[in-house]
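Shown next: coords.csv, containing CSV, C-alpha atoms.
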chain,number,residue,atom,x,y,z
S,1,MET,CA,101.4,161.2,177.5
S,2,SER,CA,102.6,164.6,176.3
S,3,LEU,CA,104.4,164.6,173.0
S,4,ASP,CA,107.9,166.1,172.7
S,5,PRO,CA,107.7,168.9,170.0
S,6,ALA,CA,110.8,167.5,168.2
S,7,LEU,CA,109.1,164.1,168.0
S,8,ARG,CA,105.8,165.6,166.9
S,9,SER,CA,107.7,167.4,164.1
S,10,ARG,CA,109.3,164.1,163.0
S,11,ILE,CA,106.0,162.3,162.8
S,12,GLU,CA,104.3,165.2,160.9
S,13,SER,CA,107.2,165.3,158.5
S,14,LEU,CA,106.7,161.6,157.8
S,15,LEU,CA,103.0,162.1,157.2
S,16,GLN,CA,103.5,165.2,155.0
S,17,SER,CA,106.1,163.4,152.8
S,18,ASN,CA,103.9,160.3,152.2
S,19,ARG,CA,100.2,160.2,151.4
S,20,VAL,CA,99.8,156.7,152.8
S,21,VAL,CA,101.9,155.6,155.9
S,22,LEU,CA,101.7,152.4,157.9
S,23,PHE,CA,103.2,152.3,161.3
S,24,MET,CA,103.9,148.7,161.9
S,25,LYS,CA,106.0,146.1,163.7
S,26,GLY,CA,108.6,144.8,161.2
S,27,GLN,CA,108.8,145.3,157.4
S,28,PRO,CA,106.1,144.6,154.8
S,29,GLY,CA,108.1,141.6,153.6
S,30,MET,CA,108.6,140.3,157.2
S,31,PRO,CA,106.0,141.6,159.6
S,32,GLN,CA,106.8,140.9,163.3
S,33,CYS,CA,103.2,140.5,164.5
S,34,GLY,CA,100.0,139.1,163.2
S,35,PHE,CA,98.1,142.4,163.2
S,36,SER,CA,100.8,144.1,161.2
S,37,ALA,CA,100.8,141.2,158.8
S,38,LYS,CA,97.0,141.6,158.4
S,39,ALA,CA,97.4,145.3,157.6
S,40,VAL,CA,100.1,144.6,155.1
S,41,GLY,CA,98.1,141.9,153.4
S,42,VAL,CA,95.1,144.3,153.0
S,43,LEU,CA,97.2,147.1,151.5
S,44,ASP,CA,99.2,144.8,149.2
S,45,GLY,CA,96.0,143.2,148.1
S,46,LEU,CA,94.7,146.6,147.0
S,47,GLY,CA,97.9,147.2,145.1
S,48,VAL,CA,98.4,150.6,146.8
S,49,GLU,CA,101.8,152.2,147.3
S,50,TYR,CA,102.5,153.1,150.9
S,51,ALA,CA,105.4,154.1,153.1
S,52,HIS,CA,106.0,152.1,156.3
S,53,VAL,CA,107.7,152.8,159.6
S,54,ASN,CA,109.1,149.9,161.6
S,55,VAL,CA,108.3,151.0,165.2
S,56,LEU,CA,110.5,148.2,166.6
S,57,ALA,CA,113.5,150.0,165.2
S,58,ASP,CA,112.5,153.3,166.8
S,59,GLN,CA,111.2,153.3,170.4
S,60,ASP,CA,110.5,157.1,170.3
S,61,ILE,CA,108.2,156.7,167.3
S,62,ARG,CA,106.7,153.5,168.7
S,63,GLU,CA,105.4,155.4,171.8
S,64,GLY,CA,105.1,158.8,170.2
S,65,ILE,CA,102.7,157.7,167.4
S,66,LYS,CA,100.3,156.3,170.1
S,67,ALA,CA,100.1,159.7,171.7
S,68,TYR,CA,100.0,161.6,168.4
S,69,GLY,CA,96.8,160.0,167.2
S,70,ASP,CA,95.5,158.9,170.7
S,71,TRP,CA,95.5,155.3,169.5
S,72,PRO,CA,97.0,152.8,171.8
S,73,THR,CA,98.1,150.0,169.5
S,74,ILE,CA,100.2,149.2,166.5
S,75,PRO,CA,99.7,149.0,163.5
S,76,GLN,CA,98.3,152.3,162.6
S,77,LEU,CA,97.4,153.5,159.1
S,78,TYR,CA,97.4,157.2,158.1
S,79,ILE,CA,96.0,158.5,154.8
S,80,ASP,CA,96.5,162.2,153.9
S,81,GLY,CA,97.8,162.8,157.4
S,82,GLU,CA,94.6,161.4,159.0
S,83,LEU,CA,94.5,158.3,161.2
S,84,VAL,CA,92.4,155.6,159.7
S,85,GLY,CA,92.9,153.0,162.5
S,86,GLY,CA,94.4,149.6,163.3
S,87,SER,CA,94.3,146.3,161.5
S,88,ASP,CA,90.7,145.4,162.3
S,89,ILE,CA,89.4,148.8,161.0
S,90,ILE,CA,91.7,148.5,158.0
S,91,GLU,CA,90.2,145.1,157.1
S,92,GLN,CA,86.6,146.3,157.7
S,93,LEU,CA,87.0,149.3,155.5
S,94,ALA,CA,88.7,147.3,152.8
S,95,ASN,CA,85.9,144.7,152.8
S,96,SER,CA,83.2,147.4,152.6
S,97,GLY,CA,85.0,149.2,149.8
S,98,GLU,CA,85.4,152.4,151.8
S,99,LEU,CA,89.2,152.1,152.0
S,100,SER,CA,89.4,152.0,148.2
S,101,GLY,CA,87.4,155.2,148.2
S,102,LEU,CA,89.8,156.9,150.7
S,103,LEU,CA,92.8,155.8,148.5
S,104,GLY,CA,91.2,157.0,145.3
S,105,LEU,CA,91.0,153.5,143.9
S,106,GLN,CA,88.3,151.8,141.9
S,107,ALA,CA,85.7,150.0,143.9
S,108,PRO,CA,87.0,146.5,144.7
S,109,ASP,CA,85.8,143.3,143.0
S,110,ARG,CA,83.4,141.7,145.5
S,111,THR,CA,82.5,138.8,143.3
S,112,PRO,CA,82.3,135.6,145.4
S,113,PRO,CA,84.9,133.0,144.4
S,114,LYS,CA,83.9,129.8,142.9
S,115,ILE,CA,84.7,127.0,145.4
S,116,THR,CA,84.0,123.3,145.8
S,117,ILE,CA,83.4,121.7,149.2
S,118,THR,CA,83.2,117.9,149.0
S,119,PRO,CA,80.3,116.1,150.8
S,120,ALA,CA,82.8,114.7,153.3
S,121,ALA,CA,84.1,118.1,154.2
S,122,VAL,CA,80.6,119.6,154.4
S,123,GLU,CA,79.6,116.9,156.9
S,124,MET,CA,82.5,117.6,159.2
S,125,LEU,CA,82.2,121.4,158.9
S,126,LYS,CA,78.5,121.4,159.6
S,127,GLY,CA,79.2,119.4,162.7
S,128,ALA,CA,81.5,122.2,163.9
S,129,LEU,CA,78.9,124.8,163.1
S,130,ALA,CA,76.2,123.0,165.0
S,131,ASP,CA,78.0,123.8,168.2
S,132,ALA,CA,78.2,127.5,167.4
S,133,PRO,CA,74.8,129.0,166.7
S,134,GLY,CA,74.9,132.3,164.8
S,135,ALA,CA,78.4,131.6,163.5
S,136,SER,CA,79.7,131.1,159.9
S,137,LEU,CA,82.8,129.5,158.5
S,138,ALA,CA,85.4,132.0,157.3
S,139,LEU,CA,88.4,131.1,155.2
S,140,SER,CA,91.3,133.5,155.0
S,141,ILE,CA,94.3,133.0,152.7
S,142,ASN,CA,97.3,135.1,153.3
S,143,ALA,CA,99.8,136.4,150.8
S,144,GLN,CA,101.8,133.2,151.0
S,145,PHE,CA,98.6,131.2,150.3
S,146,GLN,CA,98.5,129.7,153.7
S,147,PRO,CA,94.8,129.0,154.5
S,148,ASN,CA,93.1,129.5,157.9
S,149,PHE,CA,89.6,128.4,158.9
S,150,GLN,CA,87.7,130.2,161.7
S,151,LEU,CA,84.3,130.4,163.1
S,152,VAL,CA,83.1,134.0,163.0
S,153,PRO,CA,79.8,135.8,163.5
S,154,THR,CA,77.6,135.6,160.4
S,155,ASP,CA,77.9,138.8,158.4
S,156,PRO,CA,75.2,139.1,155.7
S,157,ASN,CA,77.2,141.8,153.9
S,158,ALA,CA,80.4,139.7,153.7
S,159,ILE,CA,81.7,138.2,150.5
S,160,ALA,CA,80.4,134.7,150.7
S,161,ALA,CA,80.4,131.6,148.5
S,162,GLU,CA,78.3,128.4,148.9
S,163,SER,CA,79.0,124.8,147.9
S,164,ASN,CA,76.8,121.8,148.7
S,165,GLY,CA,74.7,123.9,151.0
S,166,LEU,CA,77.6,125.3,153.1
S,167,ARG,CA,78.3,129.0,153.2
S,168,VAL,CA,81.9,130.4,153.6
S,169,GLN,CA,82.8,134.0,154.2
S,170,PHE,CA,85.9,135.7,152.9
S,171,ASP,CA,87.8,138.9,153.3
S,172,LEU,CA,88.5,140.9,150.1
S,173,SER,CA,92.0,139.6,149.5
S,174,SER,CA,91.2,136.0,150.4
S,175,ALA,CA,88.2,136.0,148.0
S,176,ARG,CA,90.5,136.6,145.0
S,177,ARG,CA,93.0,134.0,146.2
S,178,ALA,CA,90.3,131.4,146.8
S,179,GLU,CA,89.0,131.3,143.2
S,180,GLY,CA,88.7,127.7,142.2
S,181,VAL,CA,89.7,126.1,145.5
S,182,THR,CA,88.6,122.6,146.5
S,183,ILE,CA,88.0,121.8,150.2
S,184,ASP,CA,88.0,118.1,151.1
S,185,TRP,CA,88.1,116.0,154.2
S,186,VAL,CA,90.9,113.3,154.2
S,187,ASP,CA,91.8,110.5,156.4
S,188,ASP,CA,94.7,108.7,154.9
S,189,ILE,CA,98.5,108.8,154.7
S,190,ARG,CA,98.4,112.6,154.7
S,191,GLY,CA,96.7,112.6,158.1
S,192,ARG,CA,93.2,113.4,159.2
S,193,GLY,CA,91.6,116.8,158.5
S,194,LEU,CA,90.7,119.4,155.9
S,195,ALA,CA,92.8,119.4,152.7
S,196,ILE,CA,92.7,122.5,150.5
S,197,ASP,CA,93.7,122.3,146.9
S,198,ASN,CA,94.3,125.9,145.7
S,199,PRO,CA,95.2,126.3,142.0
S,200,ASN,CA,96.4,129.8,142.6
S,201,ALA,CA,99.1,128.9,145.1
S,202,PRO,CA,102.7,128.8,143.9
S,203,LYS,CA,103.9,125.4,142.9
S,204,PRO,CA,106.3,123.7,145.4
S,205,VAL,CA,110.0,124.0,144.8
S,206,GLN,CA,111.0,121.3,142.3
S,207,GLU,CA,114.3,119.5,142.1
S,208,LEU,CA,116.4,120.0,139.0
S,209,ALA,CA,119.2,117.6,138.1
S,210,VAL,CA,122.5,119.4,137.4
S,211,ARG,CA,122.7,118.2,133.8
S,212,GLU,CA,119.2,119.4,133.0
S,213,ALA,CA,120.0,122.7,134.8
S,214,ALA,CA,123.1,123.2,132.6
S,215,ASP,CA,121.2,122.5,129.4
S,216,GLN,CA,118.3,124.9,130.4
S,217,VAL,CA,120.7,127.7,131.3
S,218,LYS,CA,122.5,127.3,128.0
S,219,ALA,CA,119.1,127.3,126.2
S,220,GLY,CA,118.1,130.5,128.1
S,221,SER,CA,115.0,128.9,129.6
S,222,VAL,CA,116.0,129.3,133.2
S,223,ILE,CA,118.1,131.8,135.3
S,224,LEU,CA,120.7,130.1,137.4
S,225,VAL,CA,121.3,131.7,140.8
S,226,ASP,CA,124.3,130.8,142.9
S,227,VAL,CA,123.4,131.7,146.5
S,228,ARG,CA,126.9,131.1,147.9
S,229,PRO,CA,129.0,134.0,149.0
S,230,ALA,CA,131.8,135.4,146.8
S,231,ASP,CA,134.6,133.6,148.7
S,232,GLU,CA,133.0,130.2,148.0
S,233,ARG,CA,132.4,131.1,144.3
S,234,ALA,CA,136.0,132.0,144.0
S,235,ILE,CA,137.0,128.5,145.0
S,236,ALA,CA,134.6,126.8,142.6
S,237,SER,CA,132.3,128.3,140.0
S,238,VAL,CA,130.1,127.0,137.1
S,239,ASN,CA,131.1,127.8,133.5
S,240,VAL,CA,127.7,129.0,132.5
S,241,PRO,CA,125.9,132.4,133.0
S,242,PHE,CA,124.6,132.8,136.6
S,243,ARG,CA,123.3,135.4,139.0
S,244,HIS,CA,124.1,135.9,142.7
S,245,PHE,CA,122.9,137.8,145.8
S,246,ASP,CA,125.9,140.2,146.1
S,247,GLY,CA,125.1,143.9,146.2
S,248,ASN,CA,121.6,144.5,144.7
S,249,GLY,CA,121.6,141.0,143.2
S,250,ARG,CA,118.8,139.7,145.4
S,251,ALA,CA,116.6,142.8,145.0
S,252,ASP,CA,117.1,142.7,141.2
S,253,LEU,CA,115.9,139.0,141.1
S,254,GLU,CA,112.9,139.8,143.4
S,255,ALA,CA,111.8,142.5,140.9
S,256,LEU,CA,111.6,140.0,138.0
S,257,PRO,CA,108.2,138.8,136.8
S,258,LYS,CA,106.8,136.2,139.0
S,259,ASP,CA,106.7,133.6,136.2
S,260,THR,CA,110.5,133.8,135.6
S,261,ALA,CA,112.1,130.4,135.9
S,262,LEU,CA,114.8,130.4,138.6
S,263,ALA,CA,117.1,127.6,139.5
S,264,PHE,CA,119.1,128.0,142.8
S,265,LEU,CA,122.5,126.5,143.3
S,266,CYS,CA,124.8,126.2,146.4
S,267,HIS,CA,127.5,123.7,147.7
S,268,HIS,CA,125.3,120.7,148.3
S,269,GLY,CA,121.7,121.8,147.9
S,270,GLY,CA,120.6,122.9,151.4
S,271,ARG,CA,121.1,126.7,151.2
S,272,SER,CA,119.7,126.8,147.7
S,273,LEU,CA,116.6,125.0,148.8
S,274,GLN,CA,116.0,127.6,151.5
S,275,ALA,CA,116.5,130.4,149.0
S,276,ALA,CA,114.1,128.8,146.6
S,277,GLU,CA,111.5,128.4,149.3
S,278,GLN,CA,111.8,132.2,150.1
S,279,PHE,CA,111.2,133.1,146.4
S,280,ARG,CA,108.3,130.7,146.1
S,281,ALA,CA,106.8,132.4,149.2
S,282,GLN,CA,107.0,135.7,147.4
S,283,GLY,CA,104.8,134.4,144.6
S,284,PHE,CA,107.4,133.0,142.1
S,285,THR,CA,105.7,130.1,140.3
S,286,ARG,CA,108.7,128.4,138.5
S,287,VAL,CA,111.3,127.8,141.2
S,288,TYR,CA,113.9,125.0,141.2
S,289,ASN,CA,116.6,123.7,143.5
S,290,VAL,CA,119.7,122.3,141.7
S,291,THR,CA,120.1,118.8,143.3
S,292,GLY,CA,123.4,118.1,144.8
S,293,GLY,CA,124.8,121.7,144.3
S,294,ILE,CA,128.1,122.4,142.7
S,295,ASP,CA,129.6,119.2,144.0
S,296,ALA,CA,127.2,117.3,141.7
S,297,TRP,CA,127.9,119.8,138.9
S,298,SER,CA,131.6,118.8,139.2
S,299,ASP,CA,130.7,115.1,139.1
S,300,GLU,CA,128.2,115.1,136.3
S,301,VAL,CA,128.6,118.3,134.2
S,302,ASP,CA,132.1,119.7,134.4
S,303,GLY,CA,135.0,117.8,136.0
S,304,SER,CA,137.2,120.9,135.9
S,305,VAL,CA,135.1,122.5,138.7
S,306,PRO,CA,137.0,122.0,142.0
S,307,LYS,CA,135.4,120.2,144.9
S,308,TYR,CA,135.9,121.6,148.4

Show me this structure written as structure tokens.
Amino acid sequence: MSLDPALRSRIESLLQSNRVVLFMKGQPGMPQCGFSAKAVGVLDGLGVEYAHVNVLADQDIREGIKAYGDWPTIPQLYIDGELVGGSDIIEQLANSGELSGLLGLQAPDRTPPKITITPAAVEMLKGALADAPGASLALSINAQFQPNFQLVPTDPNAIAAESNGLRVQFDLSSARRAEGVTIDWVDDIRGRGLAIDNPNAPKPVQELAVREAADQVKAGSVILVDVRPADERAIASVNVPFRHFDGNGRADLEALPKDTALAFLCHHGGRSLQAAEQFRAQGFTRVYNVTGGIDAWSDEVDGSVPKY
């Protein structure tokens, strides 16, 4: 398709204003397709700063960028105004180290992770490999530490680790996230299948009793976050320091160090658990849900707090 001059000018302005630009579906924190998520994972894993354009919010850009670079799919990565490619090429260049060179970064650490695969898991996995000659097992671990096993063509140049005679390939980001993992085969109350214990994954959200939450807030060992909107807080509010999501409140909390202890509070405990899970998914490692919410706070900590 021919590209409207005004649209071409918009795209060129974006590329001139930012050295690294990712045209994607969605936002980096919430990609709207798996390929965009893969591209974001690679760039975030390298720690590079980049601008992004959500093509779902701009139909003209969505179609125009395809014509501009003569590339039919999204996402698309540009560096110094030049098209690099889509998610598969981004991943390939990252794994080879070429993408780091293009970005002016140090060569990536390609040290294979140390992994443990139990004999039971090895037996089951080798059985799957027996039906796929020329294939290898690949383990990917995304930014939320969700694992995914696949059978892929064997790549002698891939980052690979071996345990009990079984070879596993990794992409660059997954290799770092996989350090120290244990892969087991279970057949018990948890179900039947592979179980992965990853010491690098954020701990699950933990419940925190209201009395303990109050004591920890007063001691300064945890930040209390009331996720309720202002109108609910006006009806009933705790008498200890707390933060909220109003204005830039959420963004300020998300910018804190990932080992900051955060305890989330709402009316009964449901909304606060959802918020806590969202922060845990972002990599926060000390995340709590205040059990029972402000109703429990009124019952067990401060009877002057109204119930509603």

From the set S:Leu77, S:Ala209, S:Ala230, S:Ala143, which residue has the shortest atom-to-atom contact distance to Asp44 in chain S, counting only C-alpha atoms?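 Using only C-alpha atoms, the shortest distance to Asp44 in chain S belongs to S:Ala143.
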
Here is a test: counting all atoms listed in the file, which residue of S:Asn200, S:Thr118, S:Asn148, S:Ser237 is nearest to Asn164 in chain S?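 Closest to Asn164 in chain S, using all atoms listed in the file: S:Thr118.
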
Take the point (109.7, 133.2, 150.7) in the file's coordinates, draw a sphere of radius 12 Å around it, and report as a list in words every protein, DNA or RNA residue with an atom inside or on it, counting all atoms listed in the file. Gly29, Met30, Ala143, Gln144, Phe145, Pro202, Pro204, Val205, Glu254, Leu273, Gln274, Ala275, Ala276, Glu277, Gln278, Phe279, Arg280, Ala281, Gln282, Gly283, Phe284, Thr285 and Val287 of chain S

Those selected residues, please, written with C-alpha atoms and delivered as a JSON list (two decimals), in the frame of the given file.
[["chain", "number", "residue", "atom", "x", "y", "z"],
["S", 29, "GLY", "CA", 108.10, 141.60, 153.60],
["S", 30, "MET", "CA", 108.60, 140.30, 157.20],
["S", 143, "ALA", "CA", 99.80, 136.40, 150.80],
["S", 144, "GLN", "CA", 101.80, 133.20, 151.00],
["S", 145, "PHE", "CA", 98.60, 131.20, 150.30],
["S", 202, "PRO", "CA", 102.70, 128.80, 143.90],
["S", 204, "PRO", "CA", 106.30, 123.70, 145.40],
["S", 205, "VAL", "CA", 110.00, 124.00, 144.80],
["S", 254, "GLU", "CA", 112.90, 139.80, 143.40],
["S", 273, "LEU", "CA", 116.60, 125.00, 148.80],
["S", 274, "GLN", "CA", 116.00, 127.60, 151.50],
["S", 275, "ALA", "CA", 116.50, 130.40, 149.00],
["S", 276, "ALA", "CA", 114.10, 128.80, 146.60],
["S", 277, "GLU", "CA", 111.50, 128.40, 149.30],
["S", 278, "GLN", "CA", 111.80, 132.20, 150.10],
["S", 279, "PHE", "CA", 111.20, 133.10, 146.40],
["S", 280, "ARG", "CA", 108.30, 130.70, 146.10],
["S", 281, "ALA", "CA", 106.80, 132.40, 149.20],
["S", 282, "GLN", "CA", 107.00, 135.70, 147.40],
["S", 283, "GLY", "CA", 104.80, 134.40, 144.60],
["S", 284, "PHE", "CA", 107.40, 133.00, 142.10],
["S", 285, "THR", "CA", 105.70, 130.10, 140.30],
["S", 287, "VAL", "CA", 111.30, 127.80, 141.20]]

Determine the nearest neighbour of Glu12 in chain S from the options S:Ala94, S:Ile65, S:Ala121, S:Val168, counting only C-alpha atoms.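 Closest to Glu12 in chain S, using only C-alpha atoms: S:Ile65.
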
Between S:Ile74, S:Ala107, S:Ala120, S:Val225, which one has atoms that come closest to Asp187 in chain S, using only C-alpha atoms?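 Smallest separation from Asp187 in chain S among the options: S:Ala120.
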
Can you tell me which residues surround Asp171 in chain S at a distance of at most 8 Å, considering only C-alpha atoms, apart from same-chain residues fewer than 6 positions away, and format the answer as a PyMOL selection string? chain S and resi 91+95+140+158-159

Gap from CA of Ile89 in chain S to CA of Pro75 in chain S - Å, one decimal: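 Between these atoms lies a distance of 10.6 Å.
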